[in-house]
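Shown below: structure_10.cif, with mmCIF, C-alpha atoms.
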data_data
loop_
_atom_site.group_PDB
_atom_site.id
_atom_site.type_symbol
_atom_site.label_atom_id
_atom_site.label_comp_id
_atom_site.auth_asym_id
_atom_site.auth_seq_id
_atom_site.Cartn_x
_atom_site.Cartn_y
_atom_site.Cartn_z
ATOM 1 C CA MET D 1 -2.571 6.872 -25.581
ATOM 2 C CA ASN D 2 -1.254 10.019 -23.885
ATOM 3 C CA ALA D 3 0.167 9.526 -20.414
ATOM 4 C CA THR D 4 1.735 11.493 -17.596
ATOM 5 C CA LEU D 5 4.705 9.611 -16.143
ATOM 6 C CA ILE D 6 4.982 10.763 -12.522
ATOM 7 C CA LEU D 7 8.434 9.652 -11.478
ATOM 8 C CA ASN D 8 9.982 9.927 -8.028
ATOM 9 C CA PRO D 9 13.720 10.262 -8.764
ATOM 10 C CA ALA D 10 14.616 9.472 -5.149
ATOM 11 C CA ALA D 11 12.828 6.094 -5.173
ATOM 12 C CA GLY D 12 14.970 2.993 -4.918
ATOM 13 C CA GLY D 13 17.848 4.963 -3.449
ATOM 14 C CA GLY D 14 17.970 7.176 -6.545
ATOM 15 C CA ARG D 15 17.784 4.315 -9.034
ATOM 16 C CA ALA D 16 14.419 5.536 -10.324
ATOM 17 C CA GLY D 17 15.872 8.908 -11.284
ATOM 18 C CA ALA D 18 18.718 7.234 -13.132
ATOM 19 C CA ARG D 19 16.193 5.203 -15.151
ATOM 20 C CA ALA D 20 13.828 8.089 -15.968
ATOM 21 C CA GLU D 21 14.970 8.636 -19.549
ATOM 22 C CA GLN D 22 15.048 4.905 -20.260
ATOM 23 C CA ALA D 23 11.536 4.456 -18.854
ATOM 24 C CA ALA D 24 10.153 7.312 -20.954
ATOM 25 C CA LYS D 25 11.714 5.862 -24.118
ATOM 26 C CA LYS D 26 10.451 2.371 -23.331
ATOM 27 C CA LEU D 27 6.903 3.605 -22.764
ATOM 28 C CA THR D 28 7.024 5.647 -25.965
ATOM 29 C CA ALA D 29 8.036 2.506 -27.843
ATOM 30 C CA LEU D 30 5.016 0.754 -26.300
ATOM 31 C CA GLY D 31 2.656 3.309 -27.808
ATOM 32 C CA PHE D 32 2.356 5.984 -25.113
ATOM 33 C CA ASP D 33 2.715 9.705 -25.766
ATOM 34 C CA ILE D 34 4.668 10.493 -22.585
ATOM 35 C CA THR D 35 4.808 13.676 -20.535
ATOM 36 C CA LEU D 36 7.476 13.181 -17.870
ATOM 37 C CA ALA D 37 6.847 14.854 -14.517
ATOM 38 C CA GLU D 38 9.488 14.323 -11.815
ATOM 39 C CA THR D 39 8.568 14.929 -8.191
ATOM 40 C CA GLN D 40 10.442 17.604 -6.276
ATOM 41 C CA ALA D 41 9.402 16.910 -2.673
ATOM 42 C CA PRO D 42 7.186 14.655 -0.546
ATOM 43 C CA GLY D 43 3.552 15.118 -1.538
ATOM 44 C CA HIS D 44 4.387 16.515 -4.975
ATOM 45 C CA ALA D 45 3.167 13.369 -6.747
ATOM 46 C CA THR D 46 -0.310 13.966 -5.298
ATOM 47 C CA THR D 47 -0.400 17.473 -6.769
ATOM 48 C CA LEU D 48 0.859 16.265 -10.146
ATOM 49 C CA ALA D 49 -1.741 13.481 -10.283
ATOM 50 C CA GLU D 50 -4.564 15.802 -9.284
ATOM 51 C CA GLN D 51 -3.602 18.192 -12.081
ATOM 52 C CA ALA D 52 -3.032 15.526 -14.758
ATOM 53 C CA THR D 53 -5.297 15.772 -17.813
ATOM 54 C CA THR D 54 -3.900 12.860 -19.826
ATOM 55 C CA ASP D 55 -5.691 9.567 -20.491
ATOM 56 C CA VAL D 56 -3.273 7.693 -18.232
ATOM 57 C CA VAL D 57 -1.171 8.511 -15.196
ATOM 58 C CA ILE D 58 1.764 6.161 -14.559
ATOM 59 C CA ALA D 59 3.230 6.099 -11.048
ATOM 60 C CA ALA D 60 6.942 5.319 -11.280
ATOM 61 C CA GLY D 61 8.686 4.643 -7.978
ATOM 62 C CA GLY D 62 7.878 2.533 -4.945
ATOM 63 C CA ASP D 63 4.703 1.895 -2.972
ATOM 64 C CA GLY D 64 4.909 5.375 -1.446
ATOM 65 C CA THR D 65 4.912 7.003 -4.882
ATOM 66 C CA THR D 66 1.813 5.063 -5.880
ATOM 67 C CA PHE D 67 0.167 6.096 -2.586
ATOM 68 C CA GLU D 68 0.720 9.767 -3.398
ATOM 69 C CA VAL D 69 -0.483 9.351 -6.982
ATOM 70 C CA ILE D 70 -3.730 7.599 -6.076
ATOM 71 C CA ASN D 71 -4.475 10.339 -3.539
ATOM 72 C CA GLY D 72 -4.188 12.867 -6.336
ATOM 73 C CA LEU D 73 -6.345 10.818 -8.697
ATOM 74 C CA ALA D 74 -8.984 10.418 -5.979
ATOM 75 C CA LYS D 75 -9.508 14.185 -6.063
ATOM 76 C CA GLN D 76 -10.521 14.099 -9.722
ATOM 77 C CA SER D 77 -14.192 13.610 -10.549
ATOM 78 C CA SER D 78 -13.270 11.399 -13.517
ATOM 79 C CA PRO D 79 -9.689 10.200 -12.917
ATOM 80 C CA PRO D 80 -7.362 8.980 -15.672
ATOM 81 C CA LYS D 81 -6.419 5.331 -15.925
ATOM 82 C CA LEU D 82 -3.664 4.254 -13.537
ATOM 83 C CA GLY D 83 -0.448 2.542 -14.570
ATOM 84 C CA ILE D 84 2.265 1.497 -12.137
ATOM 85 C CA LEU D 85 5.956 1.131 -12.920
ATOM 86 C CA PRO D 86 7.812 -0.387 -9.922
ATOM 87 C CA LEU D 87 11.147 1.444 -9.879
ATOM 88 C CA GLY D 88 11.467 1.783 -6.093
ATOM 89 C CA THR D 89 12.079 -0.595 -3.209
ATOM 90 C CA GLY D 90 8.467 -1.765 -2.872
ATOM 91 C CA ASN D 91 6.098 -3.478 -5.310
ATOM 92 C CA SER D 92 3.232 -4.852 -3.263
ATOM 93 C CA PHE D 93 -0.017 -4.011 -5.048
ATOM 94 C CA LEU D 94 0.836 -5.287 -8.532
ATOM 95 C CA ARG D 95 1.648 -8.778 -7.225
ATOM 96 C CA ASP D 96 -2.082 -9.452 -6.927
ATOM 97 C CA PHE D 97 -2.150 -9.267 -10.730
ATOM 98 C CA GLY D 98 0.881 -11.473 -11.330
ATOM 99 C CA ILE D 99 3.206 -8.518 -11.917
ATOM 100 C CA ALA D 100 6.364 -9.227 -9.937
ATOM 101 C CA ASP D 101 9.001 -6.988 -11.534
ATOM 102 C CA ILE D 102 9.667 -4.161 -13.943
ATOM 103 C CA GLU D 103 9.543 -6.341 -17.065
ATOM 104 C CA ASP D 104 6.144 -7.730 -16.042
ATOM 105 C CA ALA D 105 4.980 -4.142 -15.556
ATOM 106 C CA TYR D 106 6.137 -3.094 -19.031
ATOM 107 C CA ALA D 107 4.348 -6.102 -20.500
ATOM 108 C CA ALA D 108 1.116 -5.129 -18.725
ATOM 109 C CA LEU D 109 1.406 -1.541 -19.917
ATOM 110 C CA ALA D 110 2.018 -2.790 -23.453
ATOM 111 C CA ARG D 111 -1.295 -4.684 -23.360
ATOM 112 C CA GLN D 112 -3.086 -1.534 -22.189
ATOM 113 C CA SER D 113 -5.977 -3.624 -20.897
ATOM 114 C CA THR D 114 -7.683 -2.245 -17.796
ATOM 115 C CA ARG D 115 -9.739 -3.483 -14.870
ATOM 116 C CA PRO D 116 -11.578 -1.579 -12.128
ATOM 117 C CA VAL D 117 -9.926 -1.702 -8.697
ATOM 118 C CA ASP D 118 -11.172 -0.551 -5.318
ATOM 119 C CA LEU D 119 -9.846 2.324 -3.257
ATOM 120 C CA VAL D 120 -10.218 2.636 0.490
ATOM 121 C CA LYS D 121 -11.218 6.018 1.898
ATOM 122 C CA VAL D 122 -9.596 6.866 5.249
ATOM 123 C CA GLU D 123 -11.238 9.455 7.469
ATOM 124 C CA HIS D 124 -9.153 10.766 10.361
ATOM 125 C CA ALA D 125 -9.166 13.726 12.698
ATOM 126 C CA GLY D 126 -7.036 15.745 10.279
ATOM 127 C CA GLY D 127 -8.893 15.032 7.036
ATOM 128 C CA THR D 128 -9.209 12.327 4.381
ATOM 129 C CA LEU D 129 -6.765 9.994 2.616
ATOM 130 C CA HIS D 130 -7.085 7.037 0.269
ATOM 131 C CA TYR D 131 -5.110 3.838 -0.072
ATOM 132 C CA ILE D 132 -4.962 0.981 -2.529
ATOM 133 C CA ASN D 133 -2.903 -1.664 -0.720
ATOM 134 C CA LEU D 134 -3.338 -1.777 3.076
ATOM 135 C CA LEU D 135 -3.493 0.148 6.304
ATOM 136 C CA SER D 136 -2.092 -1.483 9.420
ATOM 137 C CA VAL D 137 -1.544 -0.521 13.036
ATOM 138 C CA GLY D 138 0.524 -2.114 15.765
ATOM 139 C CA PHE D 139 3.690 -4.058 15.058
ATOM 140 C CA THR D 140 3.661 -3.578 11.284
ATOM 141 C CA ALA D 141 3.520 0.200 11.620
ATOM 142 C CA GLU D 142 6.380 0.168 14.122
ATOM 143 C CA ALA D 143 8.500 -2.024 11.851
ATOM 144 C CA GLY D 144 7.573 0.120 8.857
ATOM 145 C CA ALA D 145 8.754 3.251 10.627
ATOM 146 C CA VAL D 146 12.077 1.623 11.527
ATOM 147 C CA THR D 147 12.449 0.378 7.943
ATOM 148 C CA ASN D 148 11.948 3.867 6.526
ATOM 149 C CA GLU D 149 14.319 5.421 9.057
ATOM 150 C CA ARG D 150 17.188 2.906 8.954
ATOM 151 C CA TYR D 151 16.824 0.124 6.401
ATOM 152 C CA LYS D 152 15.163 1.603 3.312
ATOM 153 C CA PRO D 153 18.210 1.016 1.042
ATOM 154 C CA PHE D 154 17.958 -2.734 1.682
ATOM 155 C CA GLY D 155 14.556 -3.040 -0.036
ATOM 156 C CA ALA D 156 12.336 -5.906 1.131
ATOM 157 C CA LEU D 157 15.231 -7.268 3.202
ATOM 158 C CA GLY D 158 15.186 -4.062 5.228
ATOM 159 C CA TYR D 159 11.726 -4.870 6.572
ATOM 160 C CA ILE D 160 13.064 -8.162 7.905
ATOM 161 C CA PHE D 161 15.877 -6.302 9.692
ATOM 162 C CA ALA D 162 13.330 -3.905 11.189
ATOM 163 C CA THR D 163 11.096 -6.774 12.289
ATOM 164 C CA LEU D 164 13.924 -8.370 14.232
ATOM 165 C CA GLN D 165 14.774 -5.045 15.869
ATOM 166 C CA CYS D 166 11.161 -4.329 16.872
ATOM 167 C CA LEU D 167 10.775 -7.731 18.514
ATOM 168 C CA VAL D 168 12.614 -6.269 21.506
ATOM 169 C CA THR D 169 9.640 -4.022 22.310
ATOM 170 C CA LEU D 170 6.860 -6.353 21.143
ATOM 171 C CA SER D 171 3.539 -5.349 22.723
ATOM 172 C CA ALA D 172 -0.207 -5.865 22.316
ATOM 173 C CA PRO D 173 -2.190 -2.623 22.662
ATOM 174 C CA ALA D 174 -5.892 -2.221 21.872
ATOM 175 C CA PHE D 175 -7.213 -0.269 18.883
ATOM 176 C CA PRO D 176 -11.005 -0.196 19.449
ATOM 177 C CA PHE D 177 -12.899 -0.663 16.180
ATOM 178 C CA ARG D 178 -16.235 -1.832 14.756
ATOM 179 C CA LEU D 179 -16.799 -3.707 11.504
ATOM 180 C CA ASP D 180 -19.842 -2.558 9.507
ATOM 181 C CA GLY D 181 -21.391 -0.931 12.565
ATOM 182 C CA GLY D 182 -21.169 -4.055 14.724
ATOM 183 C CA GLU D 183 -19.968 -4.452 18.283
ATOM 184 C CA ALA D 184 -16.727 -2.805 19.390
ATOM 185 C CA ASP D 185 -13.616 -4.980 19.394
ATOM 186 C CA THR D 186 -11.425 -3.779 22.247
ATOM 187 C CA ARG D 187 -9.187 -6.824 22.570
ATOM 188 C CA PRO D 188 -5.404 -6.331 22.718
ATOM 189 C CA CYS D 189 -3.576 -7.296 19.555
ATOM 190 C CA THR D 190 -0.096 -7.439 18.128
ATOM 191 C CA LEU D 191 -1.310 -5.921 14.873
ATOM 192 C CA LEU D 192 -4.349 -5.164 12.749
ATOM 193 C CA SER D 193 -4.160 -5.072 8.952
ATOM 194 C CA PHE D 194 -7.030 -3.697 6.874
ATOM 195 C CA SER D 195 -6.067 -5.006 3.451
ATOM 196 C CA ASN D 196 -7.417 -4.160 0.027
ATOM 197 C CA SER D 197 -4.830 -6.411 -1.639
ATOM 198 C CA GLN D 198 -2.820 -9.431 -0.590
ATOM 199 C CA PHE D 199 0.806 -8.348 -0.223
ATOM 200 C CA THR D 200 2.838 -5.916 1.854
ATOM 201 C CA GLY D 201 6.550 -5.194 2.162
ATOM 202 C CA GLY D 202 6.996 -6.582 -1.349
ATOM 203 C CA THR D 203 6.504 -10.322 -0.901
ATOM 204 C CA MET D 204 4.781 -10.694 2.486
ATOM 205 C CA HIS D 205 1.460 -12.444 1.879
ATOM 206 C CA MET D 206 -0.380 -10.592 4.633
ATOM 207 C CA ALA D 207 -3.975 -11.121 3.486
ATOM 208 C CA PRO D 208 -4.076 -14.199 1.231
ATOM 209 C CA SER D 209 -7.856 -13.981 0.715
ATOM 210 C CA ALA D 210 -7.947 -10.300 -0.277
ATOM 211 C CA ASP D 211 -9.110 -9.204 -3.722
ATOM 212 C CA PRO D 212 -8.725 -5.524 -4.733
ATOM 213 C CA THR D 213 -11.665 -5.829 -7.140
ATOM 214 C CA ASP D 214 -14.348 -7.331 -4.851
ATOM 215 C CA GLY D 215 -15.549 -4.321 -2.842
ATOM 216 C CA TRP D 216 -14.417 -5.756 0.500
ATOM 217 C CA LEU D 217 -11.696 -5.067 3.048
ATOM 218 C CA ASP D 218 -9.903 -8.078 4.527
ATOM 219 C CA LEU D 219 -8.986 -7.698 8.175
ATOM 220 C CA VAL D 220 -6.123 -9.756 9.582
ATOM 221 C CA ARG D 221 -5.953 -9.571 13.367
ATOM 222 C CA ILE D 222 -2.990 -11.024 15.255
ATOM 223 C CA GLY D 223 -3.644 -11.384 18.947
ATOM 224 C CA PRO D 224 -1.046 -11.200 21.713
ATOM 225 C CA MET D 225 2.072 -13.314 21.121
ATOM 226 C CA GLY D 226 5.320 -13.903 22.944
ATOM 227 C CA ARG D 227 8.533 -12.972 21.177
ATOM 228 C CA ARG D 228 9.561 -16.567 20.485
ATOM 229 C CA ARG D 229 6.138 -17.465 19.136
ATOM 230 C CA PHE D 230 6.040 -14.360 16.944
ATOM 231 C CA LEU D 231 9.542 -14.955 15.590
ATOM 232 C CA GLY D 232 8.616 -18.543 14.746
ATOM 233 C CA ALA D 233 5.469 -17.372 12.984
ATOM 234 C CA PHE D 234 7.151 -14.628 10.971
ATOM 235 C CA PRO D 235 8.422 -16.825 8.079
ATOM 236 C CA LEU D 236 4.866 -18.091 7.516
ATOM 237 C CA ILE D 237 3.732 -14.673 6.303
ATOM 238 C CA PHE D 238 5.724 -15.128 3.091
ATOM 239 C CA LYS D 239 3.586 -18.186 2.282
ATOM 240 C CA GLY D 240 0.322 -16.760 3.596
ATOM 241 C CA THR D 241 -0.036 -19.676 6.008
ATOM 242 C CA HIS D 242 0.235 -17.491 9.127
ATOM 243 C CA VAL D 243 -3.559 -17.090 9.027
ATOM 244 C CA GLU D 244 -3.902 -20.757 10.032
ATOM 245 C CA MET D 245 -2.476 -20.005 13.490
ATOM 246 C CA PRO D 246 -4.986 -19.866 16.388
ATOM 247 C CA GLU D 247 -3.836 -16.368 17.411
ATOM 248 C CA ILE D 248 -4.794 -14.979 13.997
ATOM 249 C CA GLN D 249 -8.296 -14.234 12.734
ATOM 250 C CA GLU D 250 -9.586 -13.031 9.365
ATOM 251 C CA HIS D 251 -12.733 -10.954 8.834
ATOM 252 C CA ARG D 252 -14.276 -9.043 5.934
ATOM 253 C CA ALA D 253 -16.063 -5.706 5.966
ATOM 254 C CA ARG D 254 -17.085 -2.831 3.746
ATOM 255 C CA SER D 255 -16.514 -0.223 6.457
ATOM 256 C CA VAL D 256 -14.623 0.114 9.738
ATOM 257 C CA GLN D 257 -15.324 2.613 12.503
ATOM 258 C CA PHE D 258 -12.640 3.448 15.095
ATOM 259 C CA ASP D 259 -13.059 4.629 18.676
ATOM 260 C CA LEU D 260 -9.618 6.210 19.077
ATOM 261 C CA THR D 261 -8.934 9.266 21.195
ATOM 262 C CA GLU D 262 -5.372 9.976 20.101
ATOM 263 C CA PRO D 263 -3.103 9.461 17.086
ATOM 264 C CA VAL D 264 -1.539 6.064 16.411
ATOM 265 C CA ALA D 265 1.201 5.061 14.002
ATOM 266 C CA CYS D 266 -0.365 3.757 10.774
ATOM 267 C CA MET D 267 1.454 2.058 7.934
ATOM 268 C CA ILE D 268 -0.496 2.994 4.847
ATOM 269 C CA ASP D 269 0.781 1.751 1.480
ATOM 270 C CA GLY D 270 4.385 1.812 2.666
ATOM 271 C CA GLU D 271 4.201 5.205 4.385
ATOM 272 C CA VAL D 272 4.021 5.557 8.163
ATOM 273 C CA LEU D 273 1.743 8.368 9.371
ATOM 274 C CA SER D 274 0.442 9.372 12.793
ATOM 275 C CA LEU D 275 -3.365 9.484 12.478
ATOM 276 C CA THR D 276 -6.377 9.568 14.760
ATOM 277 C CA LEU D 277 -8.424 7.180 12.651
ATOM 278 C CA THR D 278 -12.209 7.539 12.592
ATOM 279 C CA ARG D 279 -13.442 5.468 9.641
ATOM 280 C CA LEU D 280 -12.490 3.333 6.614
ATOM 281 C CA ASP D 281 -14.810 2.788 3.629
ATOM 282 C CA VAL D 282 -14.272 0.745 0.485
ATOM 283 C CA VAL D 283 -14.925 2.718 -2.722
ATOM 284 C CA PRO D 284 -15.617 -0.092 -5.236
ATOM 285 C CA GLY D 285 -14.088 0.200 -8.700
ATOM 286 C CA ALA D 286 -12.876 3.750 -8.101
ATOM 287 C CA LEU D 287 -9.859 3.467 -10.434
ATOM 288 C CA GLU D 288 -9.143 1.794 -13.760
ATOM 289 C CA LEU D 289 -5.823 -0.034 -13.436
ATOM 290 C CA ILE D 290 -3.725 -1.043 -16.439
ATOM 291 C CA ALA D 291 -2.702 -4.590 -15.542
#
In structure tokens, write the structure found in this file.
Amino acid sequence: MNATLILNPAAGGGRAGARAEQAAKKLTALGFDITLAETQAPGHATTLAEQATTDVVIAAGGDGTTFEVINGLAKQSSPPKLGILPLGTGNSFLRDFGIADIEDAYAALARQSTRPVDLVKVEHAGGTLHYINLLSVGFTAEAGAVTNERYKPFGALGYIFATLQCLVTLSAPAFPFRLDGGEADTRPCTLLSFSNSQFTGGTMHMAPSADPTDGWLDLVRIGPMGRRRFLGAFPLIFKGTHVEMPEIQEHRARSVQFDLTEPVACMIDGEVLSLTLTRLDVVPGALELIA
């Protein structure tokens, strides 16, 4: 099976670049005819994926690399199969399929079995994006921005450092939205997470009921919380039991409409972008994932 290996050499603090040759050899031994394409700048992986003509495109890096790759594949009318090789600091999406580390990922690629997975289309004032993991606003986006700015080299531990730092300015703004055309929800909240899959930040079990193959988005809404209450609740997210708290609600939808008038910080598959969101739509079975 011929495959384009889109590798972000800067991922994982440069560790991905150091493992490029090894990864290409390993994949060749597993039966892939590999074309290695290393990214040169932010956004380059999207261009490489859009232009790929091989049977498979393998995203090698962290969650941000996969985000760029799936946005390139989404521009193709008949996209190649998607493989993911977690060589960066984040590996959230693959955990839904029992793939926790690089060796699990190689084993999945060796099987070469595929399954359809959903994408989520994001419409905003500046255009259109897609994501495969989650989009969140509020506290998670703030902590994600701090992680990327200060604590990226620490991997999943860096997000914990950022969470503790952001507790100082904990707030509960409103992000008016409607689920499937229903009534507007204008209540203040600590965060909103619109999840296609279960995990974020590596091992945080944000949306324990999510399934990236079911055609639904899982919304996790955390209402206003005091700092002490939030800090006490934070460890529960690693077990997925935070959703049992009275301040937290879960909902499901196929589309979300936003009534925002200005940009807000959005954490989208590990990247933090300033977007004036207008709409989210699930695109069922849009990609074939090797897992």
Resolved residues for the PyMOL selection byres ((chain D and resi 152) around 12) as an MDAnalysis selection string: chainID D and resid 10:14 62 64 88:90 143:151 153:162 201 270:271
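Separating CA of Phe194 (chain D) from CA of Val57 (chain D) is a distance of 25.9 Å.
For Asp211 (chain D), the list of residues within 8 Å, based on all atoms listed in the file and with local chain neighbours fewer than 5 positions off taken out, reads Asp96, Asn196, Ser197, Gln198 and Trp216 of chain D.
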Residue IDs satisfying the PyMOL selection byres ((chain D and resi 184) around 12), as a list of chain:residue names: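 Output of the PyMOL selection byres ((chain D and resi 184) around 12): D:Ala174, D:Phe175, D:Pro176, D:Phe177, D:Arg178, D:Leu179, D:Asp180, D:Gly181, D:Gly182, D:Glu183, D:Asp185, D:Thr186, D:Arg187, D:Val256, D:Gln257, D:Phe258, D:Asp259, D:Leu260.
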Could you tell me which of D:Phe238, D:Phe230, D:Phe199, D:Phe32 comes closest to Tyr106 (chain D) if we count only C-alpha atoms? D:Phe32
Within 12 Å of Leu5 (chain D), counting all atoms listed in the file, which residues qualify if same-chain residues fewer than 6 places away don't, as an NGL selection string? :D and (20-21 or 23-28 or 32-39 or 45 or 48-49 or 52-61 or 65-66 or 69 or 81-85)
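Residues captured in this structure file are Leu134, Leu135, Val137, Gly138, Phe139, Thr140, Ala141, Leu191, Leu192, Ser193, Phe194, Ser195, Ala265, Cys266, Met267 and Ile268 of chain D, according to the PyMOL selection byres ((chain D and resi 136) around 9).
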What separation in Å, quoted to one decimal, exists between CA of Gly127 (chain D) and CA of Ala207 (chain D)?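 These atoms are spaced 26.8 Å apart.
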Fewer than 3 positions away in the same chain doesn't count, so skip those; otherwise give me all residues within 8 Å of Leu109 (chain D), counting only C-alpha atoms, as a PyMOL selection string. chain D and resi 30+83+105-106+112-113+290-291
Next, write the just-selected residues to a file, as a PDB file, in the frame of the given file, keeping C-alpha atoms as the atom set.
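Listed below is the output, result-v7.pdb:
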ATOM      1  CA  LEU D  30       5.016   0.754 -26.300  1.00  0.00           C
ATOM      2  CA  GLY D  83      -0.448   2.542 -14.570  1.00  0.00           C
ATOM      3  CA  ALA D 105       4.980  -4.142 -15.556  1.00  0.00           C
ATOM      4  CA  TYR D 106       6.137  -3.094 -19.031  1.00  0.00           C
ATOM      5  CA  GLN D 112      -3.086  -1.534 -22.189  1.00  0.00           C
ATOM      6  CA  SER D 113      -5.977  -3.624 -20.897  1.00  0.00           C
ATOM      7  CA  ILE D 290      -3.725  -1.043 -16.439  1.00  0.00           C
ATOM      8  CA  ALA D 291      -2.702  -4.590 -15.542  1.00  0.00           C
TER       9      ALA D 291
END
Could you check which of D:Ala253, D:Gly232, D:Asn8, D:Gly31 is closest to Asp214 (chain D), using all atoms listed in the file? D:Ala253
CA of Glu288 (chain D) to CA of Ser274 (chain D), distance in Å rounded to a single decimal: 29.2 Å
Missing atoms in region 161-184 of chain D should be modelled up to N, CA and C atoms and reported as a PDB file, in the coordinates of the input.
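Now in out.pdb:
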ATOM      1  N   PHE D 161      14.985  -6.852   8.677  1.00  0.00           N
ATOM      2  CA  PHE D 161      15.877  -6.302   9.692  1.00  0.00           C
ATOM      3  C   PHE D 161      15.080  -5.526  10.745  1.00  0.00           C
ATOM      4  N   ALA D 162      14.127  -4.714  10.271  1.00  0.00           N
ATOM      5  CA  ALA D 162      13.330  -3.905  11.189  1.00  0.00           C
ATOM      6  C   ALA D 162      12.456  -4.779  12.077  1.00  0.00           C
ATOM      7  N   THR D 163      11.930  -5.854  11.515  1.00  0.00           N
ATOM      8  CA  THR D 163      11.096  -6.774  12.289  1.00  0.00           C
ATOM      9  C   THR D 163      11.879  -7.366  13.446  1.00  0.00           C
ATOM     10  N   LEU D 164      13.091  -7.796  13.177  1.00  0.00           N
ATOM     11  CA  LEU D 164      13.924  -8.370  14.232  1.00  0.00           C
ATOM     12  C   LEU D 164      14.237  -7.334  15.306  1.00  0.00           C
ATOM     13  N   GLN D 165      14.481  -6.095  14.904  1.00  0.00           N
ATOM     14  CA  GLN D 165      14.774  -5.045  15.869  1.00  0.00           C
ATOM     15  C   GLN D 165      13.555  -4.750  16.744  1.00  0.00           C
ATOM     16  N   CYS D 166      12.372  -4.700  16.135  1.00  0.00           N
ATOM     17  CA  CYS D 166      11.161  -4.329  16.872  1.00  0.00           C
ATOM     18  C   CYS D 166      10.650  -5.440  17.786  1.00  0.00           C
ATOM     19  N   LEU D 167      11.158  -6.648  17.607  1.00  0.00           N
ATOM     20  CA  LEU D 167      10.775  -7.731  18.514  1.00  0.00           C
ATOM     21  C   LEU D 167      11.141  -7.417  19.967  1.00  0.00           C
ATOM     22  N   VAL D 168      12.151  -6.595  20.154  1.00  0.00           N
ATOM     23  CA  VAL D 168      12.614  -6.269  21.506  1.00  0.00           C
ATOM     24  C   VAL D 168      11.511  -5.582  22.303  1.00  0.00           C
ATOM     25  N   THR D 169      10.700  -4.774  21.628  1.00  0.00           N
ATOM     26  CA  THR D 169       9.640  -4.022  22.310  1.00  0.00           C
ATOM     27  C   THR D 169       8.249  -4.530  21.924  1.00  0.00           C
ATOM     28  N   LEU D 170       8.142  -5.783  21.564  1.00  0.00           N
ATOM     29  CA  LEU D 170       6.860  -6.353  21.143  1.00  0.00           C
ATOM     30  C   LEU D 170       5.789  -6.132  22.209  1.00  0.00           C
ATOM     31  N   SER D 171       4.633  -5.624  21.786  1.00  0.00           N
ATOM     32  CA  SER D 171       3.539  -5.349  22.723  1.00  0.00           C
ATOM     33  C   SER D 171       2.206  -5.674  22.054  1.00  0.00           C
ATOM     34  N   ALA D 172       1.127  -5.555  22.840  1.00  0.00           N
ATOM     35  CA  ALA D 172      -0.207  -5.865  22.316  1.00  0.00           C
ATOM     36  C   ALA D 172      -1.205  -4.841  22.833  1.00  0.00           C
ATOM     37  N   PRO D 173      -1.217  -3.637  22.245  1.00  0.00           N
ATOM     38  CA  PRO D 173      -2.190  -2.623  22.662  1.00  0.00           C
ATOM     39  C   PRO D 173      -3.567  -2.907  22.059  1.00  0.00           C
ATOM     40  N   ALA D 174      -4.546  -2.116  22.443  1.00  0.00           N
ATOM     41  CA  ALA D 174      -5.892  -2.221  21.872  1.00  0.00           C
ATOM     42  C   ALA D 174      -6.132  -1.034  20.938  1.00  0.00           C
ATOM     43  N   PHE D 175      -6.813  -1.301  19.828  1.00  0.00           N
ATOM     44  CA  PHE D 175      -7.213  -0.269  18.883  1.00  0.00           C
ATOM     45  C   PHE D 175      -8.722  -0.443  18.652  1.00  0.00           C
ATOM     46  N   PRO D 176      -9.560   0.090  19.526  1.00  0.00           N
ATOM     47  CA  PRO D 176     -11.005  -0.196  19.449  1.00  0.00           C
ATOM     48  C   PRO D 176     -11.590   0.130  18.074  1.00  0.00           C
ATOM     49  N   PHE D 177     -12.314  -0.850  17.502  1.00  0.00           N
ATOM     50  CA  PHE D 177     -12.899  -0.663  16.180  1.00  0.00           C
ATOM     51  C   PHE D 177     -14.187  -1.466  16.066  1.00  0.00           C
ATOM     52  N   ARG D 178     -14.991  -1.138  15.050  1.00  0.00           N
ATOM     53  CA  ARG D 178     -16.235  -1.832  14.756  1.00  0.00           C
ATOM     54  C   ARG D 178     -16.270  -2.128  13.263  1.00  0.00           C
ATOM     55  N   LEU D 179     -16.656  -3.323  12.909  1.00  0.00           N
ATOM     56  CA  LEU D 179     -16.799  -3.707  11.504  1.00  0.00           C
ATOM     57  C   LEU D 179     -18.251  -3.553  11.082  1.00  0.00           C
ATOM     58  N   ASP D 180     -18.493  -2.753  10.055  1.00  0.00           N
ATOM     59  CA  ASP D 180     -19.842  -2.558   9.507  1.00  0.00           C
ATOM     60  C   ASP D 180     -20.868  -2.221  10.589  1.00  0.00           C
ATOM     61  N   GLY D 181     -20.467  -1.385  11.541  1.00  0.00           N
ATOM     62  CA  GLY D 181     -21.391  -0.931  12.565  1.00  0.00           C
ATOM     63  C   GLY D 181     -21.701  -1.936  13.652  1.00  0.00           C
ATOM     64  N   GLY D 182     -20.930  -3.021  13.726  1.00  0.00           N
ATOM     65  CA  GLY D 182     -21.169  -4.055  14.724  1.00  0.00           C
ATOM     66  C   GLY D 182     -20.628  -3.676  16.090  1.00  0.00           C
ATOM     67  N   GLU D 183     -20.449  -4.683  16.929  1.00  0.00           N
ATOM     68  CA  GLU D 183     -19.968  -4.452  18.283  1.00  0.00           C
ATOM     69  C   GLU D 183     -18.494  -4.052  18.285  1.00  0.00           C
ATOM     70  N   ALA D 184     -18.116  -3.265  19.281  1.00  0.00           N
ATOM     71  CA  ALA D 184     -16.727  -2.805  19.390  1.00  0.00           C
ATOM     72  C   ALA D 184     -15.800  -3.961  19.745  1.00  0.00           C
TER      73      ALA D 184
END
